[in-house]
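Structure data (CSV, N, CA and C atoms) from entry28.csv:
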```
chain,number,residue,atom,x,y,z
K,1,MET,N,6.9,29.6,-18.4
K,1,MET,CA,5.9,28.6,-18.0
K,1,MET,C,6.0,27.4,-18.9
K,2,SER,N,5.9,26.2,-18.3
K,2,SER,CA,5.9,25.0,-19.1
K,2,SER,C,4.6,24.7,-19.8
K,3,ASP,N,4.6,23.7,-20.7
K,3,ASP,CA,3.4,23.2,-21.3
K,3,ASP,C,2.6,22.4,-20.4
K,4,PHE,N,3.2,21.9,-19.3
K,4,PHE,CA,2.5,21.0,-18.4
K,4,PHE,C,2.6,21.6,-17.0
K,5,ASP,N,1.4,22.1,-16.5
K,5,ASP,CA,1.4,22.6,-15.1
K,5,ASP,C,0.7,21.6,-14.2
K,6,VAL,N,1.2,21.4,-13.1
K,6,VAL,CA,0.7,20.4,-12.1
K,6,VAL,C,0.3,21.2,-10.8
K,7,ALA,N,-0.9,21.1,-10.4
K,7,ALA,CA,-1.2,21.7,-9.1
K,7,ALA,C,-0.8,20.8,-8.0
K,8,ILE,N,-0.1,21.4,-7.0
K,8,ILE,CA,0.4,20.7,-5.8
K,8,ILE,C,-0.8,20.0,-5.1
K,9,ASP,N,-1.9,20.7,-5.1
K,9,ASP,CA,-3.1,20.0,-4.4
K,9,ASP,C,-3.5,18.7,-5.1
K,10,THR,N,-3.4,18.7,-6.4
K,10,THR,CA,-3.7,17.5,-7.2
K,10,THR,C,-2.7,16.4,-6.9
K,11,LEU,N,-1.5,16.7,-6.7
K,11,LEU,CA,-0.4,15.8,-6.4
K,11,LEU,C,-0.7,15.2,-5.0
K,12,HIS,N,-1.0,16.1,-4.1
K,12,HIS,CA,-1.3,15.6,-2.7
K,12,HIS,C,-2.5,14.7,-2.7
K,13,GLU,N,-3.5,15.0,-3.6
K,13,GLU,CA,-4.7,14.1,-3.7
K,13,GLU,C,-4.3,12.7,-4.2
K,14,VAL,N,-3.4,12.7,-5.1
K,14,VAL,CA,-2.9,11.4,-5.6
K,14,VAL,C,-2.2,10.6,-4.5
K,15,VAL,N,-1.4,11.3,-3.8
K,15,VAL,CA,-0.7,10.6,-2.6
K,15,VAL,C,-1.8,10.1,-1.6
K,16,GLY,N,-2.8,11.0,-1.4
K,16,GLY,CA,-3.8,10.6,-0.4
K,16,GLY,C,-4.6,9.4,-0.9
K,17,LYS,N,-4.9,9.3,-2.2
K,17,LYS,CA,-5.6,8.1,-2.8
K,17,LYS,C,-4.7,6.9,-2.6
K,18,HIS,N,-3.4,7.0,-2.8
K,18,HIS,CA,-2.6,5.8,-2.6
K,18,HIS,C,-2.6,5.4,-1.2
K,19,GLY,N,-2.6,6.4,-0.3
K,19,GLY,CA,-2.7,6.1,1.2
K,19,GLY,C,-4.0,5.4,1.5
K,20,ALA,N,-5.1,5.8,0.9
K,20,ALA,CA,-6.4,5.2,1.2
K,20,ALA,C,-6.4,3.7,0.7
K,21,VAL,N,-5.8,3.5,-0.5
K,21,VAL,CA,-5.7,2.1,-1.0
K,21,VAL,C,-4.9,1.2,0.0
K,22,ARG,N,-3.8,1.8,0.4
K,22,ARG,CA,-2.9,1.1,1.4
K,22,ARG,C,-3.7,0.8,2.7
K,23,ASP,N,-4.5,1.7,3.2
K,23,ASP,CA,-5.2,1.5,4.4
K,23,ASP,C,-6.3,0.5,4.2
K,24,ASP,N,-7.0,0.4,3.1
K,24,ASP,CA,-7.9,-0.6,2.8
K,24,ASP,C,-7.3,-2.0,2.7
K,25,LEU,N,-6.1,-2.0,2.1
K,25,LEU,CA,-5.3,-3.3,2.0
K,25,LEU,C,-4.9,-3.8,3.4
K,26,VAL,N,-4.5,-2.9,4.2
K,26,VAL,CA,-4.1,-3.3,5.6
K,26,VAL,C,-5.3,-3.8,6.3
K,27,ALA,N,-6.4,-3.1,6.3
K,27,ALA,CA,-7.6,-3.6,7.0
K,27,ALA,C,-8.1,-4.9,6.5
K,28,THR,N,-8.1,-5.1,5.2
K,28,THR,CA,-8.5,-6.4,4.6
K,28,THR,C,-7.6,-7.5,5.0
K,29,ASN,N,-6.3,-7.2,5.0
K,29,ASN,CA,-5.3,-8.2,5.4
K,29,ASN,C,-5.5,-8.6,6.9
K,30,ARG,N,-5.7,-7.6,7.7
K,30,ARG,CA,-6.0,-7.9,9.1
K,30,ARG,C,-7.2,-8.8,9.3
K,31,GLN,N,-8.2,-8.6,8.6
K,31,GLN,CA,-9.4,-9.4,8.7
K,31,GLN,C,-9.2,-10.8,8.1
K,32,SER,N,-8.3,-10.9,7.1
K,32,SER,CA,-8.0,-12.2,6.5
K,32,SER,C,-7.1,-13.1,7.2
K,33,ARG,N,-6.6,-12.6,8.3
K,33,ARG,CA,-5.6,-13.4,9.1
K,33,ARG,C,-6.3,-14.7,9.6
K,34,LEU,N,-7.6,-14.8,9.6
K,34,LEU,CA,-8.3,-16.0,10.0
K,34,LEU,C,-8.0,-17.1,9.0
K,35,LEU,N,-7.6,-16.8,7.8
K,35,LEU,CA,-7.3,-17.8,6.8
K,35,LEU,C,-6.1,-18.7,7.2
K,36,ALA,N,-5.2,-18.1,7.9
K,36,ALA,CA,-4.0,-18.8,8.3
K,36,ALA,C,-4.1,-19.5,9.6
K,37,ARG,N,-5.3,-19.5,10.2
K,37,ARG,CA,-5.5,-20.1,11.5
K,37,ARG,C,-6.7,-21.0,11.5
K,38,ILE,N,-6.7,-22.0,10.7
K,38,ILE,CA,-7.9,-22.9,10.6
K,38,ILE,C,-7.6,-24.1,11.5
K,39,GLU,N,-8.5,-24.2,12.5
K,39,GLU,CA,-8.4,-25.3,13.4
K,39,GLU,C,-9.3,-26.5,12.9
K,40,PRO,N,-8.7,-27.7,12.9
K,40,PRO,CA,-9.5,-28.9,12.5
K,40,PRO,C,-10.6,-29.2,13.5
K,41,PRO,N,-11.8,-29.5,12.9
K,41,PRO,CA,-12.9,-29.9,13.8
K,41,PRO,C,-12.7,-31.1,14.6
K,42,MET,N,-11.9,-32.0,14.1
K,42,MET,CA,-11.5,-33.2,14.8
K,42,MET,C,-10.1,-33.6,14.5
K,43,PRO,N,-9.4,-34.3,15.3
K,43,PRO,CA,-8.0,-34.6,15.1
K,43,PRO,C,-7.7,-35.8,14.3
K,44,ASP,N,-8.4,-36.0,13.2
K,44,ASP,CA,-8.0,-37.1,12.3
K,44,ASP,C,-7.0,-36.7,11.3
K,45,PRO,N,-6.2,-37.6,10.7
K,45,PRO,CA,-5.1,-37.3,9.8
K,45,PRO,C,-5.6,-36.5,8.6
K,46,ALA,N,-6.7,-36.9,8.0
K,46,ALA,CA,-7.2,-36.3,6.7
K,46,ALA,C,-7.6,-34.8,7.0
K,47,THR,N,-8.3,-34.6,8.0
K,47,THR,CA,-8.8,-33.2,8.4
K,47,THR,C,-7.6,-32.4,8.7
K,48,THR,N,-6.7,-32.9,9.5
K,48,THR,CA,-5.5,-32.2,9.9
K,48,THR,C,-4.6,-31.8,8.7
K,49,SER,N,-4.5,-32.8,7.8
K,49,SER,CA,-3.7,-32.5,6.6
K,49,SER,C,-4.4,-31.4,5.7
K,50,PHE,N,-5.7,-31.5,5.6
K,50,PHE,CA,-6.4,-30.4,4.8
K,50,PHE,C,-6.3,-29.1,5.5
K,51,THR,N,-6.6,-29.0,6.8
K,51,THR,CA,-6.5,-27.7,7.4
K,51,THR,C,-5.1,-27.1,7.4
K,52,THR,N,-4.1,-28.0,7.5
K,52,THR,CA,-2.7,-27.6,7.5
K,52,THR,C,-2.4,-26.9,6.1
K,53,ALA,N,-2.8,-27.6,5.0
K,53,ALA,CA,-2.6,-27.1,3.7
K,53,ALA,C,-3.4,-25.8,3.5
K,54,ALA,N,-4.6,-25.7,4.0
K,54,ALA,CA,-5.4,-24.5,3.9
K,54,ALA,C,-4.7,-23.3,4.7
K,55,SER,N,-4.2,-23.6,5.8
K,55,SER,CA,-3.5,-22.6,6.6
K,55,SER,C,-2.3,-22.1,5.9
K,56,ARG,N,-1.5,-23.0,5.3
K,56,ARG,CA,-0.3,-22.6,4.6
K,56,ARG,C,-0.6,-21.8,3.4
K,57,ALA,N,-1.7,-22.1,2.7
K,57,ALA,CA,-2.1,-21.3,1.6
K,57,ALA,C,-2.6,-19.9,2.0
K,58,GLY,N,-3.3,-19.9,3.1
K,58,GLY,CA,-3.7,-18.6,3.7
K,58,GLY,C,-2.5,-17.8,4.1
K,59,GLN,N,-1.6,-18.4,4.8
K,59,GLN,CA,-0.4,-17.6,5.2
K,59,GLN,C,0.4,-17.1,4.0
K,60,ALA,N,0.5,-17.9,2.9
K,60,ALA,CA,1.2,-17.5,1.7
K,60,ALA,C,0.5,-16.3,1.1
K,61,HIS,N,-0.8,-16.3,1.1
K,61,HIS,CA,-1.5,-15.1,0.6
K,61,HIS,C,-1.3,-13.9,1.5
K,62,LEU,N,-1.3,-14.1,2.8
K,62,LEU,CA,-1.1,-13.0,3.7
K,62,LEU,C,0.3,-12.4,3.5
K,63,ASP,N,1.3,-13.3,3.4
K,63,ASP,CA,2.7,-12.8,3.1
K,63,ASP,C,2.8,-12.0,1.8
K,64,SER,N,2.1,-12.5,0.8
K,64,SER,CA,2.1,-11.8,-0.5
K,64,SER,C,1.5,-10.4,-0.3
K,65,VAL,N,0.4,-10.3,0.4
K,65,VAL,CA,-0.3,-9.0,0.5
K,65,VAL,C,0.6,-8.1,1.4
K,66,ALA,N,1.2,-8.7,2.4
K,66,ALA,CA,2.1,-7.9,3.2
K,66,ALA,C,3.2,-7.3,2.4
K,67,GLY,N,3.7,-8.0,1.4
K,67,GLY,CA,4.8,-7.5,0.5
K,67,GLY,C,4.2,-6.4,-0.4
K,68,ILE,N,3.0,-6.5,-0.8
K,68,ILE,CA,2.3,-5.4,-1.6
K,68,ILE,C,2.1,-4.2,-0.7
K,69,GLU,N,1.8,-4.4,0.5
K,69,GLU,CA,1.6,-3.3,1.5
K,69,GLU,C,3.0,-2.5,1.6
K,70,ARG,N,4.0,-3.2,1.8
K,70,ARG,CA,5.4,-2.6,1.9
K,70,ARG,C,5.7,-1.8,0.6
K,71,GLU,N,5.5,-2.5,-0.5
K,71,GLU,CA,5.8,-1.8,-1.8
K,71,GLU,C,5.0,-0.6,-2.0
K,72,LEU,N,3.7,-0.6,-1.6
K,72,LEU,CA,2.8,0.5,-1.8
K,72,LEU,C,3.3,1.6,-0.8
K,73,GLN,N,3.7,1.3,0.4
K,73,GLN,CA,4.2,2.3,1.3
K,73,GLN,C,5.4,3.0,0.8
K,74,THR,N,6.3,2.2,0.2
K,74,THR,CA,7.5,2.8,-0.4
K,74,THR,C,7.2,3.7,-1.5
K,75,ARG,N,6.2,3.4,-2.3
K,75,ARG,CA,5.8,4.2,-3.4
K,75,ARG,C,5.1,5.5,-2.9
K,76,ILE,N,4.4,5.4,-1.8
K,76,ILE,CA,3.8,6.6,-1.2
K,76,ILE,C,4.8,7.5,-0.7
K,77,GLU,N,5.8,7.0,-0.1
K,77,GLU,CA,6.9,7.8,0.4
K,77,GLU,C,7.7,8.5,-0.7
K,78,GLU,N,7.9,7.7,-1.8
K,78,GLU,CA,8.6,8.3,-3.0
K,78,GLU,C,7.7,9.4,-3.6
K,79,LEU,N,6.4,9.2,-3.7
K,79,LEU,CA,5.5,10.2,-4.3
K,79,LEU,C,5.5,11.4,-3.4
K,80,LYS,N,5.5,11.3,-2.1
K,80,LYS,CA,5.5,12.4,-1.2
K,80,LYS,C,6.8,13.2,-1.4
K,81,ALA,N,7.9,12.5,-1.5
K,81,ALA,CA,9.2,13.2,-1.7
K,81,ALA,C,9.2,13.9,-3.0
K,82,SER,N,8.7,13.3,-4.1
K,82,SER,CA,8.6,13.9,-5.4
K,82,SER,C,7.7,15.2,-5.4
K,83,VAL,N,6.6,15.1,-4.7
K,83,VAL,CA,5.7,16.2,-4.6
K,83,VAL,C,6.4,17.4,-3.8
K,84,ASP,N,7.1,17.0,-2.7
K,84,ASP,CA,7.8,18.1,-2.0
K,84,ASP,C,8.9,18.7,-2.8
K,85,GLN,N,9.6,17.9,-3.6
K,85,GLN,CA,10.7,18.4,-4.4
K,85,GLN,C,10.1,19.3,-5.5
K,86,TYR,N,9.0,18.9,-6.1
K,86,TYR,CA,8.3,19.6,-7.2
K,86,TYR,C,7.9,21.0,-6.6
K,87,ALA,N,7.3,21.0,-5.4
K,87,ALA,CA,6.8,22.2,-4.8
K,87,ALA,C,8.0,23.2,-4.5
K,88,ARG,N,9.1,22.6,-4.0
K,88,ARG,CA,10.3,23.5,-3.8
K,88,ARG,C,10.9,24.1,-5.1
K,89,THR,N,10.9,23.2,-6.1
K,89,THR,CA,11.4,23.7,-7.4
K,89,THR,C,10.5,24.8,-8.0
K,90,GLU,N,9.2,24.6,-7.9
K,90,GLU,CA,8.2,25.6,-8.4
K,90,GLU,C,8.3,26.9,-7.7
K,91,GLN,N,8.5,26.8,-6.3
K,91,GLN,CA,8.7,28.0,-5.5
K,91,GLN,C,9.9,28.8,-5.9
K,92,ALA,N,11.0,28.0,-6.1
K,92,ALA,CA,12.3,28.6,-6.5
K,92,ALA,C,12.2,29.3,-7.9
K,93,ASN,N,11.5,28.6,-8.8
K,93,ASN,CA,11.3,29.2,-10.1
K,93,ASN,C,10.4,30.5,-10.1
K,94,HIS,N,9.4,30.5,-9.3
K,94,HIS,CA,8.6,31.7,-9.1
K,94,HIS,C,9.4,32.8,-8.5
K,95,ARG,N,10.2,32.5,-7.5
K,95,ARG,CA,11.1,33.6,-6.9
K,95,ARG,C,12.1,34.1,-7.9
K,96,ARG,N,12.6,33.2,-8.7
K,96,ARG,CA,13.7,33.6,-9.7
K,96,ARG,C,13.1,34.4,-10.8
K,97,VAL,N,11.9,34.1,-11.2
K,97,VAL,CA,11.2,34.8,-12.3
K,97,VAL,C,10.6,36.1,-11.7
K,98,GLY,N,10.3,36.1,-10.4
K,98,GLY,CA,9.8,37.3,-9.8
K,98,GLY,C,8.2,37.3,-9.8
K,99,GLY,N,7.7,36.0,-9.9
K,99,GLY,CA,6.2,35.9,-10.0
K,99,GLY,C,5.6,35.5,-8.7
```
Please, can you express the file's structure as structure tokens?
Amino acid sequence: MSDFDVAIDTLHEVVGKHGAVRDDLVATNRQSRLLARIEPPMPDPATTSFTTAASRAGQAHLDSVAGIERELQTRIEELKASVDQYARTEQANHRRVGG
């Protein structure tokens, strides 16, 4: 037996918590899409320029958050794969030891 034991349930919890963070991020990003669609109250050049700049900033933020979402999803998939591999290794070790 190693000095460091990890319960598979604990690892699944960690993956689940990452998934919850991702879900919250996706929901917040969905709600924030209004930032990228600001309509000017009137069609004058100053207002149009301001709303265009605000919309571009909002879209840049949304693009950044979408990148974070993708990165988080990749990490979740990697964590799941690691947990599955850990579980298979532990099962093989128990079978080999006879426990």
What is the CA of Glu69 (chain K)-CA of Asp84 (chain K) distance in Å, reported with one decimal?
->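 According to the coordinates, CA of Glu69 (chain K) and CA of Asp84 (chain K) are separated by 22.6 Å.
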Handout entry: Exercise: residues within 8 Å of coordinate (3.1, 6.2, -2.3), counting all atoms listed in the file, as a ChimeraX atom specification
Key = /K:14-19,71-81
task: Just the helix (DSSP H, G or I) stuff from chain K, please, per backbone DSSP, written as a PyMOL selection string.
output: chain K and resi 8-36+45-97
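Picture a line from CA of Gln59 (chain K) to CA of Asp44 (chain K); it runs 22.1 Å.
Environment of (-5.7, -14.3, 1.5): residues at most 12 Å away, judged by only C-alpha atoms, are Leu25, Val26, Thr28, Asn29, Arg30, Gln31, Ser32, Arg33, Leu34, Leu35, Ala36, Arg37, Ala54, Ser55, Arg56, Ala57, Gly58, Gln59, Ala60, His61, Leu62, Asp63, Ser64, Val65 and Ala66 of chain K.
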Could you give me, as number ranges by chain, the residues within 12 Å of Ala87 (chain K), counting only C-alpha atoms and dropping anything in the same chain fewer than 5 positions from it?
K: 5-12, 80-82, 92-94
Need the shell around Thr51 (chain K): protein/DNA/RNA residues with any atom at most 6.5 Å away, counting only N, CA and C atoms. Skip same-chain ones fewer than 5 positions apart. Format as a PDB file with N, CA and C atoms, in the frame of the given file?
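Full text of result24.pdb as output:
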```
ATOM      1  N   ILE K  38      -6.700 -22.000  10.700  1.00  0.00           N
ATOM      2  CA  ILE K  38      -7.900 -22.900  10.600  1.00  0.00           C
ATOM      3  C   ILE K  38      -7.600 -24.100  11.500  1.00  0.00           C
ATOM      4  N   GLU K  39      -8.500 -24.200  12.500  1.00  0.00           N
ATOM      5  CA  GLU K  39      -8.400 -25.300  13.400  1.00  0.00           C
ATOM      6  C   GLU K  39      -9.300 -26.500  12.900  1.00  0.00           C
ATOM      7  N   PRO K  40      -8.700 -27.700  12.900  1.00  0.00           N
ATOM      8  CA  PRO K  40      -9.500 -28.900  12.500  1.00  0.00           C
ATOM      9  C   PRO K  40     -10.600 -29.200  13.500  1.00  0.00           C
ATOM     10  N   ALA K  46      -6.700 -36.900   8.000  1.00  0.00           N
ATOM     11  CA  ALA K  46      -7.200 -36.300   6.700  1.00  0.00           C
ATOM     12  C   ALA K  46      -7.600 -34.800   7.000  1.00  0.00           C
ATOM     13  N   ARG K  56      -1.500 -23.000   5.300  1.00  0.00           N
ATOM     14  CA  ARG K  56      -0.300 -22.600   4.600  1.00  0.00           C
ATOM     15  C   ARG K  56      -0.600 -21.800   3.400  1.00  0.00           C
TER      16      ARG K  56
END
```
Exercise. In Å to one decimal, how far is CA of Asp24 (chain K) from CA of Gly67 (chain K)?
Worked result: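 Rounded to one decimal, the two atoms are 14.6 Å apart.
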